[in-house]
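File shown: target.txt. Contents: compact mmCIF, C-alpha atoms and all ligand atoms.
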# COMPACT_ATOMS: atom_id res chain seq x y z
CA MET V 18 80.66 145.54 228.53
CA ILE V 19 83.85 145.55 230.61
CA ILE V 20 84.34 142.57 232.87
CA GLN V 21 86.80 142.35 235.74
CA TRP V 22 86.79 139.91 238.65
CA PHE V 23 89.71 139.64 241.02
CA PRO V 24 88.36 139.30 244.56
CA GLY V 25 90.61 139.04 247.62
CA HIS V 26 90.53 135.26 247.73
CA MET V 27 92.23 135.13 244.33
CA ALA V 28 95.07 137.36 245.49
CA LYS V 29 95.37 135.00 248.46
CA THR V 30 95.45 131.97 246.15
CA ARG V 31 98.18 133.59 244.09
CA ARG V 32 100.29 133.67 247.27
CA LEU V 33 99.27 130.14 248.17
CA ILE V 34 100.48 128.88 244.79
CA SER V 35 103.89 130.51 245.07
CA GLU V 36 104.33 129.40 248.70
CA ASN V 37 103.52 125.76 247.88
CA LEU V 38 105.53 125.60 244.70
CA LYS V 39 108.62 124.35 246.49
CA LEU V 40 106.68 121.29 247.71
CA VAL V 41 105.78 120.05 244.24
CA ASP V 42 107.68 118.33 241.43
CA VAL V 43 105.42 119.41 238.58
CA VAL V 44 102.52 121.78 237.97
CA ILE V 45 99.40 120.83 236.02
CA GLU V 46 97.91 123.87 234.32
CA LEU V 47 94.29 123.23 233.39
CA LEU V 48 92.93 125.25 230.47
CA ASP V 49 89.40 125.29 229.08
CA ALA V 50 89.40 123.63 225.64
CA ARG V 51 86.61 125.99 224.51
CA ILE V 52 88.81 129.06 225.11
CA PRO V 53 92.44 127.89 224.89
CA LEU V 54 93.89 131.41 224.96
CA SER V 55 91.46 133.28 227.19
CA SER V 56 91.82 130.60 229.86
CA ARG V 57 95.61 131.02 230.03
CA ASN V 58 96.53 133.13 233.00
CA PRO V 59 99.26 135.53 231.81
CA GLU V 60 100.70 135.54 235.33
CA ILE V 61 101.24 131.77 235.41
CA ASP V 62 104.70 131.84 233.81
CA SER V 63 106.08 134.16 236.45
CA LEU V 64 104.15 132.37 239.20
CA VAL V 65 105.32 128.87 238.29
CA GLY V 66 108.80 129.82 237.10
CA HIS V 67 110.96 126.90 235.99
CA LYS V 68 108.89 124.10 237.53
CA PRO V 69 108.09 121.41 234.96
CA ARG V 70 104.56 121.94 233.73
CA VAL V 71 101.91 119.86 231.98
CA ILE V 72 99.14 121.67 230.13
CA ALA V 73 95.77 119.94 229.90
CA LEU V 74 92.86 121.28 227.88
CA ASN V 75 89.88 120.16 229.93
CA LYS V 76 86.17 120.02 229.04
CA SER V 77 87.29 118.75 225.63
CA ASP V 78 83.94 116.93 225.35
CA LEU V 79 82.33 120.39 225.02
CA SER V 80 84.75 121.88 222.49
CA ASP V 81 84.83 121.60 218.70
CA PRO V 82 86.81 118.48 217.64
CA THR V 83 88.12 120.15 214.47
CA LEU V 84 89.42 123.12 216.43
CA ASN V 85 90.88 120.80 219.09
CA ARG V 86 93.18 119.47 216.38
CA GLU V 87 94.04 122.98 215.17
CA TRP V 88 94.84 124.16 218.68
CA ALA V 89 96.96 121.08 219.40
CA SER V 90 99.14 121.86 216.39
CA TYR V 91 99.24 125.56 217.33
CA PHE V 92 100.64 124.67 220.76
CA ALA V 93 102.96 122.01 219.30
CA LYS V 94 104.51 124.64 217.00
CA GLN V 95 105.39 126.63 220.11
CA GLY V 96 107.01 123.57 221.65
CA ILE V 97 104.12 123.05 224.08
CA GLY V 98 102.67 119.56 224.20
CA VAL V 99 99.06 119.66 225.39
CA ILE V 100 96.77 116.84 226.47
CA TYR V 101 93.02 116.95 225.87
CA THR V 102 91.08 115.77 228.89
CA ASN V 103 87.54 115.19 230.08
CA ALA V 104 87.47 115.13 233.87
CA ILE V 105 84.05 113.50 233.93
CA SER V 106 84.71 110.49 231.66
CA GLY V 107 88.44 110.32 232.37
CA THR V 108 89.55 110.68 228.74
CA GLY V 109 93.20 111.74 228.55
CA LEU V 110 94.01 111.03 232.18
CA ASN V 111 96.23 107.99 231.51
CA GLU V 112 98.19 110.00 228.99
CA LEU V 113 98.56 112.70 231.62
CA LYS V 114 99.81 110.26 234.27
CA GLY V 115 102.40 109.02 231.80
CA LYS V 116 103.54 112.58 231.18
CA LEU V 117 103.86 113.25 234.92
CA LYS V 118 106.09 110.20 235.33
CA GLU V 119 108.19 111.16 232.33
CA LEU V 120 108.77 114.68 233.66
CA THR V 121 109.74 113.57 237.14
CA ARG V 122 111.65 110.37 236.35
CA SER V 123 115.17 111.80 236.52
CA LYS V 124 114.47 113.69 239.74
CA LEU V 125 113.01 110.65 241.49
CA GLU V 126 115.73 108.36 240.17
CA SER V 127 118.49 110.58 241.46
CA ALA V 128 116.77 110.72 244.86
CA GLN V 129 116.69 106.93 244.88
CA ALA V 130 120.34 106.74 243.83
CA ARG V 131 121.18 108.82 246.87
CA GLY V 132 119.53 106.16 248.98
CA ARG V 133 116.24 107.97 249.57
CA ILE V 134 113.14 105.85 249.72
CA GLN V 135 110.72 106.08 246.83
CA ARG V 136 108.33 108.94 247.40
CA PRO V 137 105.21 109.95 245.48
CA ILE V 138 105.24 112.51 242.65
CA LYS V 139 103.74 115.69 244.04
CA THR V 140 101.81 117.94 241.70
CA MET V 141 99.76 121.08 242.01
CA VAL V 142 96.69 121.68 239.82
CA VAL V 143 96.12 125.32 238.89
CA GLY V 144 93.70 127.11 236.58
CA ILE V 145 90.81 129.52 236.18
CA PRO V 146 87.64 129.08 238.28
CA ASN V 147 85.24 126.32 237.17
CA VAL V 148 87.64 124.76 234.65
CA GLY V 149 87.29 121.39 236.42
CA LYS V 150 90.35 121.20 238.70
CA SER V 151 88.55 119.46 241.56
CA ALA V 152 86.62 117.12 239.23
CA PHE V 153 89.90 116.28 237.50
CA ILE V 154 91.56 115.42 240.82
CA ASN V 155 88.59 113.31 241.91
CA LYS V 156 88.64 111.37 238.65
CA LEU V 157 92.37 110.73 238.91
CA ALA V 158 91.97 109.60 242.51
CA GLY V 159 88.91 107.50 241.73
CA LYS V 160 87.03 109.00 244.66
CA ALA V 161 85.16 112.21 245.47
CA SER V 162 87.77 113.83 247.70
CA ALA V 163 87.36 117.42 246.55
CA ILE V 164 84.09 119.37 246.37
CA THR V 165 83.01 120.32 242.84
CA GLY V 166 80.18 122.50 241.52
CA ASP V 167 78.95 124.05 238.30
CA ARG V 168 79.80 127.60 239.32
CA PRO V 169 83.09 129.45 239.82
CA GLY V 170 84.67 129.79 243.26
CA VAL V 171 83.78 126.38 244.72
CA THR V 172 87.21 125.42 246.13
CA ARG V 173 88.28 127.87 248.81
CA THR V 174 91.44 126.38 250.30
CA LYS V 175 94.26 124.08 249.27
CA GLN V 176 93.75 120.35 249.69
CA TRP V 177 96.14 117.45 249.14
CA VAL V 178 94.60 114.35 247.54
CA ARG V 179 96.44 111.04 247.25
CA VAL V 180 95.79 109.41 243.87
CA ASN V 181 97.79 106.23 244.60
CA PRO V 182 101.11 105.54 246.32
CA GLU V 183 102.80 107.14 243.30
CA ILE V 184 100.98 110.45 242.90
CA GLN V 185 99.74 113.20 245.22
CA LEU V 186 97.81 116.19 243.94
CA LEU V 187 97.26 119.61 245.45
CA ASP V 188 93.89 121.16 244.58
CA THR V 189 93.86 124.97 244.54
CA PRO V 190 91.06 127.54 244.24
CA GLY V 191 90.56 128.96 240.73
CA ILE V 192 92.30 132.23 239.96
CA LEU V 193 92.02 134.99 237.40
CA TRP V 194 94.26 138.06 237.11
CA PRO V 195 93.70 141.72 238.00
CA LYS V 196 93.12 143.10 234.50
CA PHE V 197 92.07 141.50 231.21
CA GLU V 198 94.07 143.31 228.52
CA ASP V 199 91.50 142.43 225.87
CA PRO V 200 87.79 142.82 226.80
CA GLU V 201 87.11 139.77 224.62
CA THR V 202 89.03 137.66 227.15
CA GLY V 203 86.68 138.73 229.94
CA LEU V 204 83.67 137.91 227.79
CA ASN V 205 84.99 134.46 226.86
CA LEU V 206 85.65 133.70 230.53
CA ALA V 207 82.15 134.89 231.42
CA PHE V 208 80.45 132.88 228.64
CA THR V 209 82.09 129.66 229.77
CA GLY V 210 81.31 130.19 233.46
CA ALA V 211 84.67 131.23 234.94
CA ILE V 212 83.23 134.51 236.23
CA LYS V 213 80.30 134.60 238.58
CA ASP V 214 77.08 135.69 236.92
CA GLU V 215 76.09 137.84 239.90
CA ILE V 216 78.58 140.56 238.95
CA MET V 217 77.31 140.89 235.36
CA ASP V 218 74.23 141.85 233.42
CA THR V 219 73.33 138.36 232.22
CA ALA V 220 70.94 139.58 229.50
CA GLU V 221 73.73 141.64 227.99
CA LEU V 222 76.12 138.69 228.35
CA ALA V 223 73.76 136.21 226.66
CA ALA V 224 73.10 138.73 223.87
CA LYS V 225 76.86 139.03 223.28
CA LEU V 226 77.15 135.25 223.24
CA LEU V 227 74.42 134.85 220.62
CA GLU V 228 76.03 137.59 218.53
CA LYS V 229 79.32 135.70 218.64
CA LEU V 230 77.72 132.33 217.88
CA ALA V 231 75.82 133.88 214.96
CA VAL V 232 79.23 134.41 213.35
CA LEU V 233 81.03 131.24 214.50
CA TYR V 234 78.26 128.61 214.51
CA PRO V 235 75.19 130.13 212.79
CA ASP V 236 73.54 126.79 212.01
CA LYS V 237 73.76 125.58 215.58
CA ILE V 238 71.94 128.56 217.08
CA LYS V 239 69.43 128.71 214.24
CA GLU V 240 68.50 125.13 214.99
CA ARG V 241 68.52 125.38 218.78
CA TYR V 242 66.50 128.60 219.05
CA LYS V 243 64.50 128.35 215.83
CA LEU V 244 65.95 131.62 214.59
CA GLU V 245 65.20 132.39 210.95
CA GLU V 246 67.61 135.02 209.75
CA LEU V 247 70.75 136.04 211.59
CA ASP V 248 72.31 138.46 209.14
CA GLY V 249 73.07 141.85 210.60
CA LYS V 250 71.00 141.33 213.73
CA ILE V 251 72.39 142.59 217.00
CA GLY V 252 72.64 140.20 219.93
CA LEU V 253 69.75 141.69 221.86
CA LYS V 254 67.44 141.12 218.90
CA LEU V 255 68.59 137.49 218.66
CA LEU V 256 68.02 137.01 222.37
CA GLU V 257 64.55 138.52 222.13
CA GLU V 258 63.65 136.27 219.20
CA ALA V 259 64.92 133.20 221.04
CA GLY V 260 62.87 134.24 224.09
CA ARG V 261 59.74 134.57 222.01
CA LYS V 262 60.27 131.15 220.42
CA ARG V 263 60.79 129.59 223.86
CA GLY V 264 57.73 131.32 225.33
CA CYS V 265 59.72 133.36 227.86
CA LEU V 266 57.12 136.11 228.07
CA VAL V 267 55.85 138.41 230.76
CA SER V 268 52.33 139.81 230.89
CA GLY V 269 51.76 142.16 227.99
CA GLY V 270 53.67 139.88 225.64
CA GLU V 271 57.13 141.28 226.29
CA VAL V 272 60.07 138.91 226.36
CA ASP V 273 61.56 138.13 229.77
CA LEU V 274 65.16 138.77 228.73
CA TYR V 275 66.70 137.53 231.97
CA ARG V 276 64.84 134.24 231.78
CA ILE V 277 65.92 133.49 228.22
CA ALA V 278 69.44 134.73 229.05
CA SER V 279 69.76 132.21 231.82
CA ILE V 280 68.50 129.44 229.50
CA VAL V 281 70.97 130.37 226.73
CA LEU V 282 73.93 130.58 229.13
CA ASP V 283 73.03 127.27 230.80
CA GLU V 284 72.55 125.51 227.49
CA PHE V 285 75.80 126.82 226.09
CA ARG V 286 77.79 125.89 229.22
CA GLY V 287 76.22 122.44 229.31
CA GLY V 288 77.12 121.76 225.67
CA ARG V 289 73.49 121.62 224.56
CA ILE V 290 73.98 124.09 221.69
CA GLY V 291 76.71 121.80 220.38
CA LYS V 292 80.47 121.29 220.60
CA ILE V 293 81.76 124.81 220.44
CA THR V 294 85.16 126.51 220.63
CA LEU V 295 85.04 130.28 220.86
CA GLU V 296 88.60 131.01 219.75
CA LYS V 297 90.49 130.03 216.61
CA PRO V 298 94.28 129.94 216.38
CA GLN V 299 95.65 132.84 214.37
CA LYS V 300 96.51 131.61 210.91
CA GLU V 301 100.17 132.15 210.11
CA SER V 302 100.42 134.76 207.39
CA THR V 303 101.34 133.24 204.04
CA ASN V 304 103.57 134.83 201.43
CA GLU V 305 100.51 135.45 199.32
CA GLU V 306 98.93 137.53 202.08
CA ASN V 307 102.18 139.42 202.57
CA ASP V 308 102.20 140.37 198.89
CA HIS V 309 99.00 142.38 199.24
N1 LIG F 1 81.43 118.43 230.49
C1 LIG F 1 82.43 118.51 231.36
N2 LIG F 1 82.20 119.04 232.58
C2 LIG F 1 83.23 119.10 233.43
C3 LIG F 1 84.54 118.64 233.09
N3 LIG F 1 85.33 118.85 234.17
C4 LIG F 1 84.58 119.41 235.12
N4 LIG F 1 83.31 119.57 234.71
C5 LIG F 1 82.20 120.20 235.45
O1 LIG F 1 82.56 121.56 235.61
C6 LIG F 1 82.11 122.06 236.85
C7 LIG F 1 83.25 122.66 237.63
O2 LIG F 1 84.10 121.64 238.11
P1 LIG F 1 85.02 121.85 239.38
O3 LIG F 1 85.91 120.66 239.43
O4 LIG F 1 84.24 122.21 240.58
O5 LIG F 1 85.88 123.12 238.89
P2 LIG F 1 87.09 123.85 239.65
O6 LIG F 1 88.09 124.18 238.60
O7 LIG F 1 87.55 123.02 240.79
O8 LIG F 1 86.38 125.18 240.14
P3 LIG F 1 86.79 126.17 241.38
O9 LIG F 1 87.03 125.33 242.57
O10 LIG F 1 85.59 127.03 241.51
O11 LIG F 1 87.98 126.92 240.91
C8 LIG F 1 81.43 120.88 237.56
O12 LIG F 1 80.04 120.98 237.34
C9 LIG F 1 82.02 119.67 236.87
O13 LIG F 1 81.16 118.57 236.90
C10 LIG F 1 84.74 118.09 231.78
O14 LIG F 1 85.85 117.69 231.37
N5 LIG F 1 83.64 118.06 230.97
MG MG F 2 87.61 123.38 242.75
If you took the structure in this file and wrote it as structure tokens, what would it be?
Ligand SMILES: Nc1nc2c(ncn2[C@@H]2O[C@H](COP(=O)(O)OP(=O)(O)OP(=O)(O)O)[C@@H](O)[C@H]2O)c(=O)[nH]1
Ligand SMILES: [Mg+2]
Amino acid sequence: MIIQWFPGHMAKTRRLISENLKLVDVVIELLDARIPLSSRNPEIDSLVGHKPRVIALNKSDLSDPTLNREWASYFAKQGIGVIYTNAISGTGLNELKGKLKELTRSKLESAQARGRIQRPIKTMVVGIPNVGKSAFINKLAGKASAITGDRPGVTRTKQWVRVNPEIQLLDTPGILWPKFEDPETGLNLAFTGAIKDEIMDTAELAAKLLEKLAVLYPDKIKERYKLEELDGKIGLKLLEEAGRKRGCLVSGGEVDLYRIASIVLDEFRGGRIGKITLEKPQKESTNEENDH
């Protein structure tokens, strides 16, 4: 299953980001805490260049707390400080505001020293579709300024939102990149809702998700879908069994695969299967491993 989604509006957004970069002091890159690597746009470094950047791992209420800690230390080892956020409850947002001030202090102070009046910190929020950029901006601003929605591609143009006299944020439409080097990246983005379902076979997608969860979180899917034995079963079989248990049947007793697929995808994306992270940081190889 090869997934690719780079419609014209994303190419346009890529231009919008580089054109507006000169207007901002710092960029906020929003990643999805459930897929910390797959949600990193490989083009961001060249797009953002040397602008100071803050990385926030959003939807951290849906990701696995143990793996949140592992990923935080993975990023720290690379010299990248990340902040875990939840754009709905507001967790992590004060920490983020502090970081914004810290990164822009010297620039704003030198402007003041030159006799300029105090101006707000200007930041641009970028990230994959549906990661929560608009919700994040609304929560920071304390008002529903930007439109949000539980599907990718909601924001279509740039929009400045004033958080307070000190901070202004630029909301941007979600972007992906023209080619996913690893097909697994495309799948992870599709599972979490960054790619629109209309361009995929959702039954195949949900089957792949169950197959992955059978390895990563077997107990959670056994419990949720009353599955008995997972060993060696392909995803389609797991999906069919789940459909039967949930009574998703068509006349003749066959399972309605698209109905159960939509239930599984919705439940996963809404966190109802549990707190799940689909990627683990690569363990550094130890001497012991090198000896073999
Ligand atoms: N559980 C949870 N849901 C979130 C969080 N942040 C955003 N959401 C939900 O995720 C969905 C997408 O949020 P948006 O803010 O529209 O996402 P976006 O990144 O602006 O998406 P595009 O404009 O399409 O690029 C909405 O249903 C939000 O309510 C979060 O931290 N936790
Ligand atoms: Mg948006």
(message) Can you tell me which residues surround stretch 212-222 of chain V at a distance of at most 7 Å, considering all atoms listed in the file, apart from same-chain residues fewer than 2 positions away, and format the answer as a PyMOL selection string?
(response) chain V and resi 22+169+206-207+210+224-226+274-275+278
(message) Could you list, as a PyMOL selection string, all residues that come within 7 Å of ligand LIG 1 (chain F)? Count all atoms listed in the file.
(response) chain V and resi 75-79+102-105+144-153+164-173+190-192+287
(message) Please compute the atom CA of V:Arg263-atom CA of V:Thr209 distance, one decimal, in Å.
(response)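 Pair atom CA of V:Arg263 / atom CA of V:Thr209 returns 22.1 Å.
Taking atom CA of V:Leu247 as the reference point, atom CA of V:Ile280 is found at 19.2 Å.
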(request) Have a look at V:Val272, V:Arg51, V:Lys124, V:Trp177 and name the one nearest to V:Trp88; count all atoms listed in the file. (result) V:Arg51
(request) Tell me, in Å to one decimal, how far atom CA of V:Ala28 is from atom MG of ligand MG 2 (chain F). (result)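 Between atom CA of V:Ala28 and atom MG of ligand MG 2 (chain F) the gap is 16.1 Å.
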(message) Can you pull out the residues contacting V:Pro200? Cut-off 12 Å, using all atoms listed in the file, and skip same-chain residues under 4 positions away; I want them as an NGL selection string.
(response) :V and (18-21 or 55 or 196 or 204-207)
Find the axis-aligned box for stretch 56-73 of chain V, covering all its listed atoms and adding 4 Å on each side, and write its centre and edge lengths in Å to one decimal as JSON.
{"center_x": 101.4, "center_y": 127.7, "center_z": 234.5, "size_x": 27.1, "size_y": 23.7, "size_z": 17.3}
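Closest approach to V:Ala158 among V:Gly203, V:Gly107, V:Pro53, V:Gly264: V:Gly107, based on all atoms listed in the file.
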(message) Give me, as a list in words, all polymer residues having an atom no more than 12 Å from V:Asp273, counting all atoms listed in the file and skipping those fewer than 5 positions away in the same chain.
(response) Ala220, Leu253, Leu256, Glu257, Glu258, Ala259, Gly260, Arg261, Lys262, Arg263, Gly264, Cys265, Leu266, Val267, Ser268, Ala278, Ser279 and Ile280 of chain V
(request) Fewer than 5 positions away in the same chain doesn't count, so skip those; otherwise give me all residues within 8 Å of V:Leu227, counting all atoms listed in the file, as a PyMOL selection string. (result) chain V and resi 238+252+255-256
(message) If we count only C-alpha atoms and set the cut-off at 8 Å, which residues sit around V:Gly98, ignoring sequence neighbours fewer than 6 positions away in its own chain? Please answer as a ChimeraX atom specification.
(response) /V:71-72,89,92
(message) Calculated over all atoms listed in the file, which of the candidates V:Gln299, V:Gln135, V:Thr294, V:Thr189 has the smallest distance to ligand MG 2 (chain F)?
(response)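 Among the listed residues, V:Thr189 lies closest to ligand MG 2 (chain F).
Distances from V:Ile277, V:Ala130, V:Val142, V:Leu295 to ligand MG 2 (chain F) were compared using all atoms listed in the file, and the smallest one belongs to V:Val142.
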(request) Can you work out which one of V:Lys292, V:Arg131, V:Lys175, V:Arg286 has the shortest atom-to-atom distance to ligand MG 2 (chain F), counting only C-alpha atoms and all ligand atoms? (result)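 Selected residue with least distance to ligand MG 2 (chain F): V:Lys175.
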(message) I need the residue nearest V:Val41 from this list: V:Gly288, V:Gly270, V:Pro137, V:Gly115. Use only C-alpha atoms for the distance.
(response) V:Pro137
Please complete stretch 166-177 of chain V with all heavy atoms and give it back as a PDB file, in the frame of the given file.
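Okay, out.pdb is ready:
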ATOM      1  N   GLY V 166      81.480 121.845 241.715  1.00  0.00           N
ATOM      2  CA  GLY V 166      80.180 122.500 241.520  1.00  0.00           C
ATOM      3  C   GLY V 166      80.176 123.262 240.216  1.00  0.00           C
ATOM      4  O   GLY V 166      81.237 123.700 239.756  1.00  0.00           O
ATOM      5  N   ASP V 167      78.993 123.413 239.617  1.00  0.00           N
ATOM      6  CA  ASP V 167      78.950 124.050 238.300  1.00  0.00           C
ATOM      7  C   ASP V 167      78.859 125.569 238.392  1.00  0.00           C
ATOM      8  O   ASP V 167      78.065 126.213 237.739  1.00  0.00           O
ATOM      9  CB  ASP V 167      77.821 123.467 237.439  1.00  0.00           C
ATOM     10  CG  ASP V 167      76.446 123.717 238.023  1.00  0.00           C
ATOM     11  OD1 ASP V 167      76.382 124.271 239.152  1.00  0.00           O
ATOM     12  OD2 ASP V 167      75.451 123.367 237.378  1.00  0.00           O
ATOM     13  N   ARG V 168      79.683 126.150 239.245  1.00  0.00           N
ATOM     14  CA  ARG V 168      79.800 127.600 239.320  1.00  0.00           C
ATOM     15  C   ARG V 168      81.226 127.923 239.745  1.00  0.00           C
ATOM     16  O   ARG V 168      81.911 127.052 240.308  1.00  0.00           O
ATOM     17  CB  ARG V 168      78.790 128.164 240.341  1.00  0.00           C
ATOM     18  CG  ARG V 168      78.965 127.572 241.711  1.00  0.00           C
ATOM     19  CD  ARG V 168      77.864 127.930 242.691  1.00  0.00           C
ATOM     20  NE  ARG V 168      78.267 127.464 244.012  1.00  0.00           N
ATOM     21  CZ  ARG V 168      78.251 126.206 244.398  1.00  0.00           C
ATOM     22  NH1 ARG V 168      77.828 125.270 243.558  1.00  0.00           N
ATOM     23  NH2 ARG V 168      78.675 125.853 245.587  1.00  0.00           N
ATOM     24  N   PRO V 169      81.706 129.140 239.466  1.00  0.00           N
ATOM     25  CA  PRO V 169      83.090 129.450 239.820  1.00  0.00           C
ATOM     26  C   PRO V 169      83.233 129.738 241.309  1.00  0.00           C
ATOM     27  O   PRO V 169      82.287 130.204 241.948  1.00  0.00           O
ATOM     28  CB  PRO V 169      83.378 130.715 239.006  1.00  0.00           C
ATOM     29  CG  PRO V 169      82.041 131.356 238.810  1.00  0.00           C
ATOM     30  CD  PRO V 169      81.032 130.250 238.772  1.00  0.00           C
ATOM     31  N   GLY V 170      84.398 129.448 241.861  1.00  0.00           N
ATOM     32  CA  GLY V 170      84.670 129.790 243.260  1.00  0.00           C
ATOM     33  C   GLY V 170      84.239 128.725 244.250  1.00  0.00           C
ATOM     34  O   GLY V 170      83.911 129.034 245.393  1.00  0.00           O
ATOM     35  N   VAL V 171      84.224 127.462 243.832  1.00  0.00           N
ATOM     36  CA  VAL V 171      83.780 126.380 244.720  1.00  0.00           C
ATOM     37  C   VAL V 171      84.886 126.018 245.729  1.00  0.00           C
ATOM     38  O   VAL V 171      84.655 125.974 246.927  1.00  0.00           O
ATOM     39  CB  VAL V 171      83.339 125.135 243.916  1.00  0.00           C
ATOM     40  CG1 VAL V 171      83.072 123.956 244.834  1.00  0.00           C
ATOM     41  CG2 VAL V 171      82.079 125.462 243.109  1.00  0.00           C
ATOM     42  N   THR V 172      86.095 125.774 245.228  1.00  0.00           N
ATOM     43  CA  THR V 172      87.210 125.420 246.130  1.00  0.00           C
ATOM     44  C   THR V 172      87.729 126.695 246.782  1.00  0.00           C
ATOM     45  O   THR V 172      87.980 127.688 246.107  1.00  0.00           O
ATOM     46  CB  THR V 172      88.343 124.743 245.322  1.00  0.00           C
ATOM     47  OG1 THR V 172      87.784 123.632 244.631  1.00  0.00           O
ATOM     48  CG2 THR V 172      89.469 124.277 246.240  1.00  0.00           C
ATOM     49  N   ARG V 173      87.849 126.661 248.115  1.00  0.00           N
ATOM     50  CA  ARG V 173      88.280 127.870 248.810  1.00  0.00           C
ATOM     51  C   ARG V 173      89.648 127.758 249.471  1.00  0.00           C
ATOM     52  O   ARG V 173      90.265 128.753 249.816  1.00  0.00           O
ATOM     53  CB  ARG V 173      87.218 128.306 249.836  1.00  0.00           C
ATOM     54  CG  ARG V 173      85.999 128.975 249.203  1.00  0.00           C
ATOM     55  CD  ARG V 173      86.453 130.061 248.235  1.00  0.00           C
ATOM     56  NE  ARG V 173      85.353 130.660 247.512  1.00  0.00           N
ATOM     57  CZ  ARG V 173      84.908 131.892 247.741  1.00  0.00           C
ATOM     58  NH1 ARG V 173      85.471 132.646 248.656  1.00  0.00           N
ATOM     59  NH2 ARG V 173      83.904 132.358 247.021  1.00  0.00           N
ATOM     60  N   THR V 174      90.104 126.521 249.693  1.00  0.00           N
ATOM     61  CA  THR V 174      91.440 126.380 250.300  1.00  0.00           C
ATOM     62  C   THR V 174      92.177 125.255 249.583  1.00  0.00           C
ATOM     63  O   THR V 174      91.590 124.504 248.814  1.00  0.00           O
ATOM     64  CB  THR V 174      91.345 125.963 251.784  1.00  0.00           C
ATOM     65  OG1 THR V 174      90.542 124.792 251.869  1.00  0.00           O
ATOM     66  CG2 THR V 174      90.760 127.054 252.646  1.00  0.00           C
ATOM     67  N   LYS V 175      93.483 125.164 249.891  1.00  0.00           N
ATOM     68  CA  LYS V 175      94.260 124.080 249.270  1.00  0.00           C
ATOM     69  C   LYS V 175      93.890 122.753 249.921  1.00  0.00           C
ATOM     70  O   LYS V 175      93.465 122.714 251.074  1.00  0.00           O
ATOM     71  CB  LYS V 175      95.748 124.361 249.397  1.00  0.00           C
ATOM     72  CG  LYS V 175      96.254 124.360 250.813  1.00  0.00           C
ATOM     73  CD  LYS V 175      97.768 124.365 250.859  1.00  0.00           C
ATOM     74  CE  LYS V 175      98.225 124.227 252.298  1.00  0.00           C
ATOM     75  NZ  LYS V 175      99.648 124.071 252.466  1.00  0.00           N
ATOM     76  N   GLN V 176      94.062 121.675 249.161  1.00  0.00           N
ATOM     77  CA  GLN V 176      93.750 120.350 249.690  1.00  0.00           C
ATOM     78  C   GLN V 176      94.606 119.309 248.977  1.00  0.00           C
ATOM     79  O   GLN V 176      94.617 119.242 247.749  1.00  0.00           O
ATOM     80  CB  GLN V 176      92.256 120.036 249.464  1.00  0.00           C
ATOM     81  CG  GLN V 176      91.832 118.699 250.048  1.00  0.00           C
ATOM     82  CD  GLN V 176      90.402 118.312 249.644  1.00  0.00           C
ATOM     83  OE1 GLN V 176      89.677 119.062 249.008  1.00  0.00           O
ATOM     84  NE2 GLN V 176      90.024 117.101 250.002  1.00  0.00           N
ATOM     85  N   TRP V 177      95.346 118.526 249.739  1.00  0.00           N
ATOM     86  CA  TRP V 177      96.140 117.450 249.140  1.00  0.00           C
ATOM     87  C   TRP V 177      95.248 116.227 248.956  1.00  0.00           C
ATOM     88  O   TRP V 177      94.486 115.869 249.841  1.00  0.00           O
ATOM     89  CB  TRP V 177      97.297 117.046 250.059  1.00  0.00           C
ATOM     90  CG  TRP V 177      98.472 117.965 249.964  1.00  0.00           C
ATOM     91  CD1 TRP V 177      98.844 118.926 250.860  1.00  0.00           C
ATOM     92  CD2 TRP V 177      99.447 118.009 248.911  1.00  0.00           C
ATOM     93  NE1 TRP V 177      99.983 119.563 250.428  1.00  0.00           N
ATOM     94  CE2 TRP V 177     100.376 119.024 249.237  1.00  0.00           C
ATOM     95  CE3 TRP V 177      99.620 117.287 247.713  1.00  0.00           C
ATOM     96  CZ2 TRP V 177     101.460 119.332 248.419  1.00  0.00           C
ATOM     97  CZ3 TRP V 177     100.705 117.608 246.895  1.00  0.00           C
ATOM     98  CH2 TRP V 177     101.608 118.620 247.247  1.00  0.00           C
TER      99      TRP V 177
END
